[in-house]
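model18.cif follows (mmCIF, C-alpha atoms):
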```cif
data_final
#
loop_
_atom_site.label_atom_id
_atom_site.label_comp_id
_atom_site.auth_asym_id
_atom_site.auth_seq_id
_atom_site.Cartn_x
_atom_site.Cartn_y
_atom_site.Cartn_z
CA MET G 93 13.08 -25.74 20.37
CA VAL G 94 13.29 -23.32 23.32
CA ASP G 95 14.73 -24.81 26.50
CA ALA G 96 13.24 -22.17 28.82
CA GLU G 97 10.08 -22.82 30.78
CA PRO G 98 6.86 -22.11 28.84
CA VAL G 99 5.66 -18.55 29.15
CA SER G 100 2.15 -17.32 28.54
CA PRO G 101 1.99 -14.79 25.66
CA ASN G 102 0.52 -12.32 28.10
CA SER G 103 3.60 -12.71 30.31
CA PHE G 104 6.27 -11.87 27.74
CA ALA G 105 6.06 -8.21 28.67
CA ASP G 106 7.07 -9.18 32.22
CA LEU G 107 10.41 -10.54 31.01
CA SER G 108 13.52 -8.41 30.56
CA ASP G 109 14.76 -7.57 27.09
CA ASP G 110 17.77 -9.83 27.70
CA LEU G 111 15.62 -12.89 28.40
CA ILE G 112 13.25 -12.12 25.54
CA LEU G 113 16.10 -11.80 23.05
CA GLU G 114 17.48 -15.14 24.25
CA ARG G 115 14.12 -16.79 23.62
CA VAL G 116 13.79 -15.17 20.20
CA ALA G 117 17.30 -16.30 19.26
CA ALA G 118 16.32 -19.83 20.33
CA GLY G 119 13.40 -19.77 17.90
CA ASP G 120 10.51 -18.50 20.02
CA LEU G 121 8.92 -15.99 17.64
CA ASP G 122 6.03 -15.27 20.00
CA ALA G 123 8.47 -13.92 22.59
CA TYR G 124 9.11 -10.96 20.30
CA GLU G 125 5.78 -9.63 21.56
CA GLY G 126 7.54 -8.67 24.77
CA ILE G 127 10.02 -6.47 22.90
CA MET G 128 7.18 -4.72 21.10
CA ARG G 129 5.19 -4.11 24.27
CA HIS G 130 8.27 -2.75 26.04
CA HIS G 131 9.09 -0.23 23.31
CA ASN G 132 5.85 0.50 21.44
CA GLN G 133 5.06 3.74 23.27
CA ARG G 134 8.42 5.42 22.75
CA LEU G 135 8.79 4.30 19.13
CA TYR G 136 5.27 5.46 18.34
CA ARG G 137 6.01 8.88 19.80
CA ILE G 138 9.26 9.13 17.83
CA ALA G 139 7.50 8.15 14.60
CA ARG G 140 4.51 10.38 15.34
CA SER G 141 6.77 13.36 16.00
CA ILE G 142 8.26 12.99 12.52
CA VAL G 143 5.33 12.02 10.28
CA THR G 144 2.70 13.89 12.40
CA ASP G 145 -0.03 11.41 11.51
CA ASP G 146 -1.41 8.60 13.68
CA ALA G 147 -1.91 6.01 10.93
CA GLU G 148 1.46 6.78 9.31
CA ALA G 149 3.17 6.46 12.69
CA MET G 150 1.54 3.07 13.27
CA ASP G 151 2.82 1.87 9.89
CA VAL G 152 6.32 3.16 10.64
CA VAL G 153 6.45 1.35 13.99
CA GLN G 154 5.25 -1.91 12.45
CA GLU G 155 7.77 -1.68 9.63
CA SER G 156 10.51 -0.87 12.12
CA PHE G 157 9.80 -3.88 14.33
CA ILE G 158 9.82 -6.16 11.29
CA ALA G 159 13.09 -4.65 10.06
CA ALA G 160 14.59 -4.93 13.54
CA PHE G 161 13.64 -8.61 13.82
CA ASP G 162 15.33 -9.35 10.50
CA ARG G 163 18.47 -7.54 11.70
CA LEU G 164 18.69 -8.81 15.28
CA ASP G 165 22.08 -10.32 14.53
CA GLU G 166 23.39 -6.76 14.17
CA LEU G 167 22.51 -5.96 17.78
CA ARG G 168 25.72 -6.26 19.74
CA GLU G 169 24.25 -6.17 23.26
CA PRO G 170 20.73 -6.05 24.75
CA ALA G 171 21.45 -2.78 26.54
CA ALA G 172 21.72 -1.06 23.16
CA LEU G 173 18.26 -2.23 22.07
CA PRO G 174 16.30 0.97 22.94
CA SER G 175 18.60 3.30 21.03
CA TRP G 176 18.96 0.79 18.17
CA LEU G 177 15.19 0.50 17.78
CA ALA G 178 14.85 4.28 18.01
CA ARG G 179 17.33 4.82 15.19
CA ILE G 180 15.58 2.29 12.96
CA THR G 181 12.23 3.94 13.67
CA ARG G 182 13.55 7.45 13.13
CA ASN G 183 15.17 6.51 9.82
CA ASN G 184 12.01 4.75 8.60
CA ALA G 185 9.89 7.72 9.60
CA LEU G 186 12.20 10.15 7.80
CA MET G 187 12.17 8.01 4.65
CA ARG G 188 8.38 7.87 4.71
CA LEU G 189 8.19 11.62 5.27
CA ARG G 190 10.50 12.34 2.33
CA LYS G 191 8.54 9.95 0.11
CA ASN G 192 5.23 11.57 1.03
CA ARG G 193 6.62 15.03 0.42
CA ARG G 194 7.94 14.06 -2.98
CA MET G 195 4.53 12.65 -3.87
CA GLN G 196 2.78 15.80 -2.70
CA TYR G 197 5.38 18.15 -4.22
CA MET G 198 5.96 19.68 -0.81
CA ASP G 199 9.05 21.72 0.01
CA GLU G 200 11.08 21.36 3.19
CA PRO G 201 9.70 23.63 5.93
CA ASP G 202 11.26 27.01 6.48
CA PHE G 203 12.27 27.06 10.15
CA ASP G 204 12.30 30.86 10.12
CA ASN G 205 8.61 31.03 9.25
CA VAL G 206 7.04 28.96 12.00
CA LEU G 207 3.32 29.21 12.69
CA ASN G 208 2.49 31.72 15.43
CA LEU G 209 1.69 29.24 18.17
CA SER G 210 0.05 31.80 20.38
CA THR G 211 -2.87 32.21 17.97
CA ALA G 212 -3.00 28.81 16.28
CA VAL G 213 -5.74 27.40 18.51
CA LYS G 214 -7.99 29.02 21.07
CA ARG G 215 -7.62 27.71 24.58
CA PRO G 216 -10.66 25.87 25.99
CA GLU G 217 -12.82 28.00 28.27
CA GLN G 218 -12.95 26.54 31.78
CA PRO G 219 -14.22 23.01 30.97
CA ASP G 220 -14.75 20.38 33.65
CA SER G 221 -11.71 18.49 34.91
CA ALA G 222 -11.91 15.29 32.82
CA LEU G 223 -12.88 17.15 29.67
CA ALA G 224 -10.22 19.78 30.32
CA ASN G 225 -7.50 17.13 30.49
CA LYS G 226 -8.58 15.65 27.15
CA GLN G 227 -8.92 19.02 25.42
CA LEU G 228 -5.66 20.35 26.78
CA GLY G 229 -3.89 17.19 25.75
CA ARG G 230 -5.17 17.62 22.21
CA LEU G 231 -4.22 21.28 22.25
CA LEU G 232 -0.70 20.42 23.32
CA GLU G 233 -0.49 17.76 20.61
CA HIS G 234 -1.46 20.38 18.06
CA TYR G 235 1.24 22.76 19.23
CA ILE G 236 3.86 20.01 19.17
CA ASP G 237 2.84 19.01 15.65
CA GLU G 238 3.45 22.60 14.56
CA LEU G 239 7.06 22.59 15.78
CA PRO G 240 9.75 22.47 13.06
CA ASP G 241 10.88 18.97 12.17
CA ALA G 242 14.32 19.44 13.71
CA PHE G 243 12.84 20.27 17.11
CA ARG G 244 9.74 18.09 17.36
CA THR G 245 11.30 14.71 18.15
CA VAL G 246 13.77 16.20 20.62
CA PHE G 247 10.93 17.94 22.44
CA MET G 248 8.86 14.74 22.45
CA LEU G 249 11.69 12.73 23.99
CA ARG G 250 12.76 15.36 26.52
CA ALA G 251 9.41 16.78 27.66
CA ILE G 252 6.95 13.94 27.08
CA GLU G 253 9.10 10.83 27.45
CA GLN G 254 11.20 12.56 30.15
CA CYS G 255 14.46 11.32 28.62
CA SER G 256 17.73 12.85 29.78
CA VAL G 257 19.90 14.91 27.44
CA ALA G 258 22.33 12.00 27.15
CA THR G 259 19.59 9.48 26.38
CA THR G 260 17.97 11.77 23.81
CA ALA G 261 21.33 12.35 22.13
CA GLU G 262 21.88 8.60 21.94
CA LEU G 263 18.39 7.88 20.60
CA MET G 264 18.64 10.64 17.99
CA ASP G 265 22.30 10.05 17.17
CA ILE G 266 23.15 13.73 17.67
CA GLU G 267 25.42 15.63 20.04
CA PRO G 268 24.15 16.51 23.57
CA ALA G 269 24.77 20.19 22.79
CA THR G 270 22.44 19.89 19.80
CA VAL G 271 19.77 18.31 22.00
CA LYS G 272 20.00 21.23 24.43
CA THR G 273 19.80 23.82 21.65
CA ARG G 274 16.84 22.20 19.89
CA TYR G 275 14.96 21.64 23.13
CA HIS G 276 15.53 25.23 24.22
CA ARG G 277 14.29 26.59 20.89
CA ALA G 278 11.29 24.27 20.95
CA ARG G 279 10.32 25.56 24.38
CA LEU G 280 10.62 29.14 23.14
CA LEU G 281 8.23 28.32 20.29
CA LEU G 282 5.67 26.83 22.63
CA GLN G 283 3.67 28.96 24.99
CA LYS G 284 4.83 28.68 28.58
CA GLN G 285 1.55 27.17 29.75
CA MET G 286 1.70 24.56 26.99
CA THR G 287 5.21 23.58 28.03
CA ASP G 288 4.07 23.33 31.65
CA LEU G 289 1.18 21.12 30.59
CA SER G 290 3.51 18.76 28.74
CA ASN G 291 5.37 18.10 31.99
CA SER G 292 2.27 17.56 34.14
CA SER G 293 1.27 14.00 34.94
CA GLY G 294 -2.39 14.70 34.25
CA VAL G 295 -2.08 15.55 30.56
CA ALA G 296 -1.50 12.68 28.16
CA VAL G 297 0.14 13.37 24.80
CA HIS G 298 0.10 10.91 21.88
CA GLU G 299 -0.74 8.04 24.19
CA PHE G 300 -0.23 4.60 22.75
CA ALA G 301 -3.61 3.14 23.64
CA GLY G 302 -3.95 -0.58 24.30
CA HIS G 303 -5.76 -1.29 21.04
CA ARG G 304 -2.91 0.29 19.08
CA CYS G 305 -0.33 -1.77 20.93
CA ASP G 306 -2.34 -4.95 20.36
CA ALA G 307 -2.74 -4.13 16.66
CA ILE G 308 0.99 -3.66 16.13
CA VAL G 309 1.84 -6.86 18.00
CA ARG G 310 -0.74 -8.80 15.99
CA ASN G 311 0.27 -7.35 12.60
CA VAL G 312 4.01 -7.71 13.11
CA LEU G 313 3.84 -11.30 14.36
CA SER G 314 1.53 -12.19 11.46
CA ALA G 315 3.93 -10.67 8.93
CA LEU G 316 6.93 -12.41 10.49
CA ARG G 317 5.19 -15.79 10.46
CA LYS G 318 4.28 -15.40 6.79
CA SER G 319 7.87 -14.53 5.88
CA ARG G 320 9.38 -17.49 7.70
#
```

How does the structure come out when it is put into structure tokens?
Amino acid sequence: MVDAEPVSPNSFADLSDDLILERVAAGDLDAYEGIMRHHNQRLYRIARSIVTDDAEAMDVVQESFIAAFDRLDELREPAALPSWLARITRNNALMRLRKNRRMQYMDEPDFDNVLNLSTAVKRPEQPDSALANKQLGRLLEHYIDELPDAFRTVFMLRAIEQCSVATTAELMDIEPATVKTRYHRARLLLQKQMTDLSNSSGVAVHEFAGHRCDAIVRNVLSALRKSR
């Protein structure tokens, strides 16, 4: 039994990771929802930047949360949770990508033959404000998807998630110098206006809509209950 005061399922996201992990360790499976809602967006963007497919990214995030739950005893301290979850998600996404490529007989991409981003998609012609935001967001998503694998996740974390070099290096388990190099090269591959758009608050890229978040929470908790 959990000694803490009862918490509404809708309130788990208001708790800190430390408190949630304490409740989970005490046997409160439902509290794990808070961890998922805290980290869904970033993990989805990491997965999406690797597998470049919405449905595949959803599956990766769900699998990663289940794997993380089963390995919570490996987590040394709550402060390490974000980077720990990111590594699990990245590794799962890479494994899924390799599996899919083997099935499709696809070769690894040649980073020296990147699609000419300046002509890949025509820019929308002066649409209204709301429509422009949506179209430009999709356009930016397309350009990001066309980045080489080695650059895409770094760009997503630095430009979209606004992570620092140090945080990105920790999440990706690479050196800060490598983060700087990959981010610089990614920016060179993207048109200047597309890079500017990625940093503007009005353009949303690979947003983790509420229904997606709810679906992952529901599916993961259901799977965990069945396995207990």

* Asked: Of the candidates G:Ala147, G:Ile158, G:Leu107, G:Leu231, which shows the shortest atom-to-atom distance to G:Gly126, using only C-alpha atoms?
  -> G:Leu107

* For G:Phe247, which residue among G:Arg274, G:Glu155, G:Ala269, G:Ser103 is the nearest when counting all atoms listed in the file? -> G:Arg274

* Between G:Val271, G:Leu189, G:Leu232, G:Val116, which has the minimum distance to G:Ser256 (counting all atoms listed in the file)? -> G:Val271

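For the residues G:Gln154, G:Ser319, G:Asn311, G:Ser141, ranking by smallest atom-to-atom distance to G:Val246 using all atoms listed in the file places G:Ser141 first.
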
* Asked: Hey, what comes out of the PyMOL selection byres ((chain G and resi 129) around 10) on this file? Could you write it as a ChimeraX atom specification?
  -> /G:104-106,124-128,130-133,302,305-306,308-309

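Across the structure, atom CA of G:Asp146 and atom CA of G:Asp109 are spaced 26.5 Å apart.
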